[in-house]
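Novice: Handing over data26.cif, mmCIF, C-alpha atoms.
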```
data_protein
#
loop_
_atom_site.label_atom_id
_atom_site.label_comp_id
_atom_site.auth_asym_id
_atom_site.auth_seq_id
_atom_site.Cartn_x
_atom_site.Cartn_y
_atom_site.Cartn_z
CA MET A 1 -16.88 -25.81 -11.15
CA ASN A 2 -14.96 -28.94 -12.11
CA ILE A 3 -13.30 -27.53 -15.23
CA PRO A 4 -9.49 -27.43 -15.17
CA PHE A 5 -8.50 -23.82 -15.79
CA THR A 6 -5.28 -22.79 -17.49
CA ASP A 7 -5.28 -19.14 -16.42
CA PHE A 8 -7.01 -16.73 -14.08
CA ASN A 9 -8.95 -14.87 -16.79
CA GLN A 10 -10.59 -18.12 -17.87
CA PHE A 11 -11.39 -18.87 -14.22
CA TYR A 12 -12.80 -15.38 -13.58
CA SER A 13 -15.17 -15.65 -16.52
CA ALA A 14 -16.52 -18.94 -15.13
CA TYR A 15 -16.56 -17.45 -11.62
CA LEU A 16 -18.86 -14.65 -12.74
CA LYS A 17 -21.23 -17.18 -14.33
CA GLU A 18 -21.43 -18.91 -10.94
CA HIS A 19 -22.75 -15.60 -9.52
CA ALA A 20 -25.63 -14.96 -11.94
CA ASN A 21 -28.24 -14.41 -9.23
CA PRO A 22 -28.40 -10.78 -8.03
CA THR A 23 -29.26 -11.80 -4.45
CA CYS A 24 -26.15 -13.98 -4.33
CA ARG A 25 -24.01 -11.08 -5.56
CA LYS A 26 -25.54 -8.68 -3.03
CA ILE A 27 -24.83 -11.12 -0.21
CA HIS A 28 -21.24 -11.52 -1.44
CA PHE A 29 -20.91 -7.74 -1.55
CA ALA A 30 -22.24 -7.44 2.00
CA GLY A 31 -19.92 -10.19 3.25
CA SER A 32 -16.89 -8.54 1.62
CA SER A 33 -17.92 -5.17 3.03
CA PHE A 34 -18.27 -6.64 6.49
CA PHE A 35 -14.81 -8.17 6.24
CA LEU A 36 -13.30 -4.79 5.24
CA VAL A 37 -15.07 -3.09 8.14
CA THR A 38 -13.70 -5.66 10.59
CA VAL A 39 -10.14 -5.19 9.29
CA VAL A 40 -10.31 -1.40 9.59
CA SER A 41 -12.01 -1.68 12.99
CA ALA A 42 -9.36 -4.12 14.22
CA PHE A 43 -6.58 -1.62 13.55
CA TYR A 44 -8.56 1.35 14.84
CA LEU A 45 -9.81 -0.37 18.01
CA GLY A 46 -6.83 -2.66 18.58
CA ILE A 47 -9.02 -5.78 18.53
CA TYR A 48 -6.82 -7.91 16.32
CA TRP A 49 -8.99 -11.04 16.32
CA LEU A 50 -11.87 -9.11 14.73
CA PRO A 51 -10.91 -9.96 11.09
CA LEU A 52 -11.36 -13.63 11.98
CA LEU A 53 -15.00 -12.87 12.68
CA GLY A 54 -15.14 -11.04 9.36
CA ILE A 55 -13.74 -14.07 7.54
CA VAL A 56 -16.23 -16.44 9.16
CA LEU A 57 -19.23 -14.20 8.55
CA GLY A 58 -18.09 -13.06 5.10
CA TYR A 59 -17.42 -16.55 3.76
CA GLY A 60 -20.29 -18.07 5.69
CA THR A 61 -22.90 -15.76 4.22
CA SER A 62 -21.38 -16.13 0.75
CA TRP A 63 -21.44 -19.92 0.91
CA ILE A 64 -25.04 -19.89 2.13
CA SER A 65 -26.00 -17.62 -0.76
CA HIS A 66 -24.65 -20.23 -3.19
CA PHE A 67 -26.67 -23.02 -1.64
CA PHE A 68 -29.95 -21.06 -1.45
CA PHE A 69 -29.85 -18.65 -4.39
CA GLU A 70 -27.43 -20.06 -6.98
CA ASN A 71 -27.99 -23.75 -6.20
CA ASN A 72 -24.33 -24.44 -6.82
CA ARG A 73 -21.18 -25.18 -4.87
CA PRO A 74 -18.90 -22.25 -3.96
CA THR A 75 -15.77 -22.13 -6.11
CA SER A 76 -13.62 -21.56 -3.04
CA PHE A 77 -13.88 -25.28 -2.29
CA GLY A 78 -12.01 -26.22 -5.47
CA TYR A 79 -9.97 -23.10 -6.22
CA PRO A 80 -9.40 -21.28 -2.91
CA ILE A 81 -6.66 -18.82 -3.99
CA TRP A 82 -8.17 -17.89 -7.33
CA SER A 83 -11.61 -17.64 -5.71
CA MET A 84 -10.33 -15.22 -3.09
CA HIS A 85 -8.78 -13.05 -5.79
CA ALA A 86 -11.90 -13.30 -8.01
CA GLY A 87 -14.11 -12.38 -5.06
CA ARG A 88 -12.07 -9.23 -4.45
CA MET A 89 -12.23 -8.36 -8.14
CA MET A 90 -15.99 -8.90 -8.27
CA PHE A 91 -16.44 -6.78 -5.12
CA PHE A 92 -14.46 -3.85 -6.52
CA GLU A 93 -16.16 -4.12 -9.92
CA MET A 94 -19.56 -3.99 -8.20
CA LEU A 95 -18.38 -1.12 -5.98
CA THR A 96 -17.28 0.91 -9.01
CA GLY A 97 -20.38 0.05 -11.06
CA LYS A 98 -18.58 -2.08 -13.63
CA LEU A 99 -20.72 -5.09 -12.65
CA ASP A 100 -24.47 -4.82 -12.15
CA MET A 101 -25.76 -6.08 -8.78
CA THR A 102 -29.44 -5.81 -9.65
CA LYS A 103 -30.09 -7.96 -12.74
CA GLU A 104 -29.97 -11.69 -13.35
CA TRP A 105 -27.03 -12.54 -15.58
CA LYS A 106 -27.65 -14.90 -18.46
CA SER A 107 -25.07 -17.60 -19.07
#
```
Spit out the file's structure as C-alpha coordinates when you get a sec.

Specialist:
Amino acid sequence: MNIPFTDFNQFYSAYLKEHANPTCRKIHFAGSSFFLVTVVSAFYLGIYWLPLLGIVLGYGTSWISHFFFENNRPTSFGYPIWSMHAGRMMFFEMLTGKLDMTKEWKS
(Lines of atoms letter the chains of each structure in order from A and count residues from 1; the text may use other names and numbers.)
(Lines give C-alpha, C1' and ligand atoms only; values in the text may rest on other atoms or scores of the structure.)
Protein backbone atom coordinates (compact mmCIF):
# COMPACT_ATOMS: atom_id res chain seq x y z
CA MET A 1 0.00 0.00 0.00
CA ASN A 2 2.09 2.90 -1.29
CA ILE A 3 -0.78 5.32 -1.86
CA PRO A 4 -0.66 8.54 0.18
CA PHE A 5 -3.91 8.71 2.12
CA THR A 6 -5.59 11.95 3.13
CA ASP A 7 -7.94 10.52 5.76
CA PHE A 8 -8.62 7.37 7.72
CA ASN A 9 -11.81 6.40 5.83
CA GLN A 10 -9.85 6.32 2.57
CA PHE A 11 -7.17 4.24 4.28
CA TYR A 12 -9.70 1.82 5.81
CA SER A 13 -11.29 1.15 2.43
CA ALA A 14 -7.87 0.25 1.00
CA TYR A 15 -7.06 -1.73 4.16
CA LEU A 16 -10.10 -3.95 3.66
CA LYS A 17 -9.06 -4.61 0.05
CA GLU A 18 -5.71 -5.82 1.38
CA HIS A 19 -7.64 -8.45 3.39
CA ALA A 20 -9.69 -10.02 0.59
CA ASN A 21 -8.69 -13.60 1.41
CA PRO A 22 -10.97 -15.22 4.02
CA THR A 23 -8.11 -17.27 5.51
CA CYS A 24 -6.12 -14.08 6.05
CA ARG A 25 -9.09 -12.46 7.80
CA LYS A 26 -9.65 -15.53 10.00
CA ILE A 27 -6.00 -15.51 11.04
CA HIS A 28 -6.22 -11.79 11.82
CA PHE A 29 -9.35 -12.45 13.86
CA ALA A 30 -7.61 -15.24 15.78
CA GLY A 31 -4.54 -13.06 16.41
CA SER A 32 -6.68 -10.18 17.69
CA SER A 33 -8.65 -12.58 19.87
CA PHE A 34 -5.47 -14.02 21.31
CA PHE A 35 -4.22 -10.53 22.12
CA LEU A 36 -7.47 -9.69 23.95
CA VAL A 37 -7.26 -12.93 25.91
CA THR A 38 -3.69 -12.15 26.97
CA VAL A 39 -4.66 -8.66 28.14
CA VAL A 40 -7.58 -9.93 30.21
CA SER A 41 -5.47 -12.81 31.54
CA ALA A 42 -2.65 -10.43 32.48
CA PHE A 43 -4.94 -8.42 34.73
CA TYR A 44 -6.71 -11.47 36.14
CA LEU A 45 -3.53 -13.48 36.80
CA GLY A 46 -1.20 -10.57 37.52
CA ILE A 47 1.21 -11.60 34.75
CA TYR A 48 1.77 -8.18 33.26
CA TRP A 49 4.22 -9.21 30.53
CA LEU A 50 1.60 -11.50 28.96
CA PRO A 51 0.23 -8.85 26.52
CA LEU A 52 3.72 -8.65 25.01
CA LEU A 53 3.33 -12.29 24.02
CA GLY A 54 -0.09 -11.43 22.61
CA ILE A 55 1.39 -8.63 20.51
CA VAL A 56 4.15 -10.85 19.13
CA LEU A 57 1.83 -13.75 18.33
CA GLY A 58 -1.04 -11.55 17.13
CA TYR A 59 1.05 -9.46 14.75
CA GLY A 60 3.28 -12.38 13.82
CA THR A 61 0.43 -14.58 12.68
CA SER A 62 -1.21 -11.65 10.87
CA TRP A 63 1.97 -10.78 9.00
CA ILE A 64 2.49 -14.41 8.02
CA SER A 65 -1.08 -14.56 6.71
CA HIS A 66 -0.30 -11.65 4.38
CA PHE A 67 2.78 -13.33 2.97
CA PHE A 68 1.14 -16.74 2.44
CA PHE A 69 -2.52 -15.99 1.71
CA GLU A 70 -2.75 -12.41 0.44
CA ASN A 71 0.68 -12.26 -1.21
CA ASN A 72 1.05 -8.66 -0.12
CA ARG A 73 2.93 -6.62 2.44
CA PRO A 74 1.17 -5.83 5.75
CA THR A 75 -0.03 -2.23 5.93
CA SER A 76 1.38 -1.89 9.43
CA PHE A 77 4.83 -1.46 7.89
CA GLY A 78 3.85 1.79 6.18
CA TYR A 79 0.97 3.04 8.32
CA PRO A 80 1.42 1.60 11.83
CA ILE A 81 -1.07 3.78 13.76
CA TRP A 82 -3.84 3.70 11.17
CA SER A 83 -3.26 -0.03 10.65
CA MET A 84 -3.65 -0.72 14.36
CA HIS A 85 -6.92 1.23 14.42
CA ALA A 86 -8.14 -0.40 11.17
CA GLY A 87 -7.28 -3.85 12.54
CA ARG A 88 -9.40 -3.20 15.63
CA MET A 89 -12.25 -1.94 13.46
CA MET A 90 -12.06 -4.96 11.16
CA PHE A 91 -11.99 -7.30 14.19
CA PHE A 92 -15.10 -5.76 15.76
CA GLU A 93 -16.92 -5.65 12.42
CA MET A 94 -16.18 -9.35 11.93
CA LEU A 95 -17.19 -10.07 15.54
CA THR A 96 -20.54 -8.34 15.06
CA GLY A 97 -21.17 -9.87 11.63
CA LYS A 98 -20.83 -6.63 9.69
CA LEU A 99 -17.92 -8.10 7.72
CA ASP A 100 -18.02 -11.61 6.28
CA MET A 101 -15.11 -13.87 7.28
CA THR A 102 -16.00 -16.71 4.95
CA LYS A 103 -16.06 -15.35 1.38
CA GLU A 104 -13.37 -13.99 -0.91
CA TRP A 105 -13.83 -10.26 -1.38
CA LYS A 106 -13.60 -8.91 -4.89
CA SER A 107 -11.63 -5.71 -5.38

Novice: From the set A:Tyr15, A:Pro51, A:Phe5, A:Thr102, which residue has the shortest atom-to-atom contact distance to His85 in chain A, counting only C-alpha atoms?

Specialist: A:Tyr15

Novice: Measuring atom to atom with only C-alpha atoms, identify which of A:His66, A:His28, A:Lys17, A:Arg73 is nearest to Phe92 in chain A.

Specialist: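 Distance minimum relative to Phe92 in chain A lands on A:His28.
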
Novice: List as a PyMOL selection string the protein and nucleic acid residues near Leu36 in chain A, meaning an atom at most 10 Å away when only C-alpha atoms are counted, but skip any in the same chain fewer than 3 places from it.

Specialist: chain A and resi 30-33+39-42+51+54-55+58

Novice: Show me, as a list in words, the residues that have an atom within 8 Å of Trp105 in chain A when counting all atoms listed in the file, minus same-chain residues fewer than 6 positions from it.

Specialist: Lys17, Ala20, Asn21 and Pro22 of chain A

Novice: May I have the residues from that selection written out with C-alpha atoms, as a PDB file, keeping the file's coordinate frame?

Specialist:
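part01.pdb, written as the output of this step:
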```
ATOM      1  CA  LYS A  17     -21.230 -17.180 -14.330  1.00  0.00           C
ATOM      2  CA  ALA A  20     -25.630 -14.960 -11.940  1.00  0.00           C
ATOM      3  CA  ASN A  21     -28.240 -14.410  -9.230  1.00  0.00           C
ATOM      4  CA  PRO A  22     -28.400 -10.780  -8.030  1.00  0.00           C
TER       5      PRO A  22
END
```

Novice: Can you tell me how far CA of Ser62 in chain A sits from CA of Leu99 in chain A, in Å to one decimal?

Specialist: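 Those two atoms sit 17.4 Å apart.
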
Novice: Hey, what comes out of the PyMOL selection byres ((chain A and resi 77-84) around 8) on this file? Could you write it as a list in words?

Specialist: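 In the shown coordinates, the PyMOL selection byres ((chain A and resi 77-84) around 8) covers Met1, Asn2, Phe8, Phe11, Tyr15, Arg73, Pro74, Thr75, Ser76, His85, Ala86, Gly87 and Arg88 of chain A.
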
Novice: Can you take the partial range 12-28 of chain A, add N, CA and C atoms, and return it as an mmCIF file, in the coordinates of the input?

Specialist:
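Dumped everything to selection11.cif:
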```
data_model
loop_
_atom_site.group_PDB
_atom_site.id
_atom_site.type_symbol
_atom_site.label_atom_id
_atom_site.label_comp_id
_atom_site.auth_asym_id
_atom_site.auth_seq_id
_atom_site.Cartn_x
_atom_site.Cartn_y
_atom_site.Cartn_z
ATOM 1 N N TYR A 12 -11.959 -16.497 -13.981
ATOM 2 C CA TYR A 12 -12.800 -15.380 -13.580
ATOM 3 C C TYR A 12 -14.083 -15.328 -14.398
ATOM 4 N N SER A 13 -13.979 -15.611 -15.671
ATOM 5 C CA SER A 13 -15.170 -15.650 -16.520
ATOM 6 C C SER A 13 -16.152 -16.702 -16.010
ATOM 7 N N ALA A 14 -15.660 -17.885 -15.677
ATOM 8 C CA ALA A 14 -16.520 -18.940 -15.130
ATOM 9 C C ALA A 14 -17.022 -18.562 -13.742
ATOM 10 N N TYR A 15 -16.191 -17.891 -12.957
ATOM 11 C CA TYR A 15 -16.560 -17.450 -11.620
ATOM 12 C C TYR A 15 -17.773 -16.521 -11.675
ATOM 13 N N LEU A 16 -17.748 -15.580 -12.603
ATOM 14 C CA LEU A 16 -18.860 -14.650 -12.740
ATOM 15 C C LEU A 16 -20.149 -15.376 -13.123
ATOM 16 N N LYS A 17 -20.046 -16.394 -13.944
ATOM 17 C CA LYS A 17 -21.230 -17.180 -14.330
ATOM 18 C C LYS A 17 -21.813 -17.917 -13.132
ATOM 19 N N GLU A 18 -20.977 -18.237 -12.163
ATOM 20 C CA GLU A 18 -21.430 -18.910 -10.940
ATOM 21 C C GLU A 18 -22.108 -17.933 -9.978
ATOM 22 N N HIS A 19 -22.142 -16.653 -10.340
ATOM 23 C CA HIS A 19 -22.750 -15.600 -9.520
ATOM 24 C C HIS A 19 -23.798 -14.842 -10.333
ATOM 25 N N ALA A 20 -24.633 -15.566 -11.057
ATOM 26 C CA ALA A 20 -25.630 -14.960 -11.940
ATOM 27 C C ALA A 20 -26.799 -14.350 -11.175
ATOM 28 N N ASN A 21 -27.088 -14.874 -10.008
ATOM 29 C CA ASN A 21 -28.240 -14.410 -9.230
ATOM 30 C C ASN A 21 -27.896 -13.112 -8.503
ATOM 31 N N PRO A 22 -28.715 -12.063 -8.672
ATOM 32 C CA PRO A 22 -28.400 -10.780 -8.030
ATOM 33 C C PRO A 22 -28.407 -10.835 -6.506
ATOM 34 N N THR A 23 -29.248 -11.678 -5.922
ATOM 35 C CA THR A 23 -29.260 -11.800 -4.450
ATOM 36 C C THR A 23 -27.948 -12.398 -3.964
ATOM 37 N N CYS A 24 -27.450 -13.375 -4.683
ATOM 38 C CA CYS A 24 -26.150 -13.980 -4.330
ATOM 39 C C CYS A 24 -25.051 -12.923 -4.386
ATOM 40 N N ARG A 25 -25.037 -12.121 -5.441
ATOM 41 C CA ARG A 25 -24.010 -11.080 -5.560
ATOM 42 C C ARG A 25 -24.118 -10.047 -4.448
ATOM 43 N N LYS A 26 -25.352 -9.660 -4.112
ATOM 44 C CA LYS A 26 -25.540 -8.680 -3.030
ATOM 45 C C LYS A 26 -25.048 -9.226 -1.700
ATOM 46 N N ILE A 27 -25.298 -10.507 -1.450
ATOM 47 C CA ILE A 27 -24.830 -11.120 -0.210
ATOM 48 C C ILE A 27 -23.303 -11.198 -0.206
ATOM 49 N N HIS A 28 -22.706 -11.527 -1.342
ATOM 50 C CA HIS A 28 -21.240 -11.520 -1.440
ATOM 51 C C HIS A 28 -20.693 -10.124 -1.173
#
```
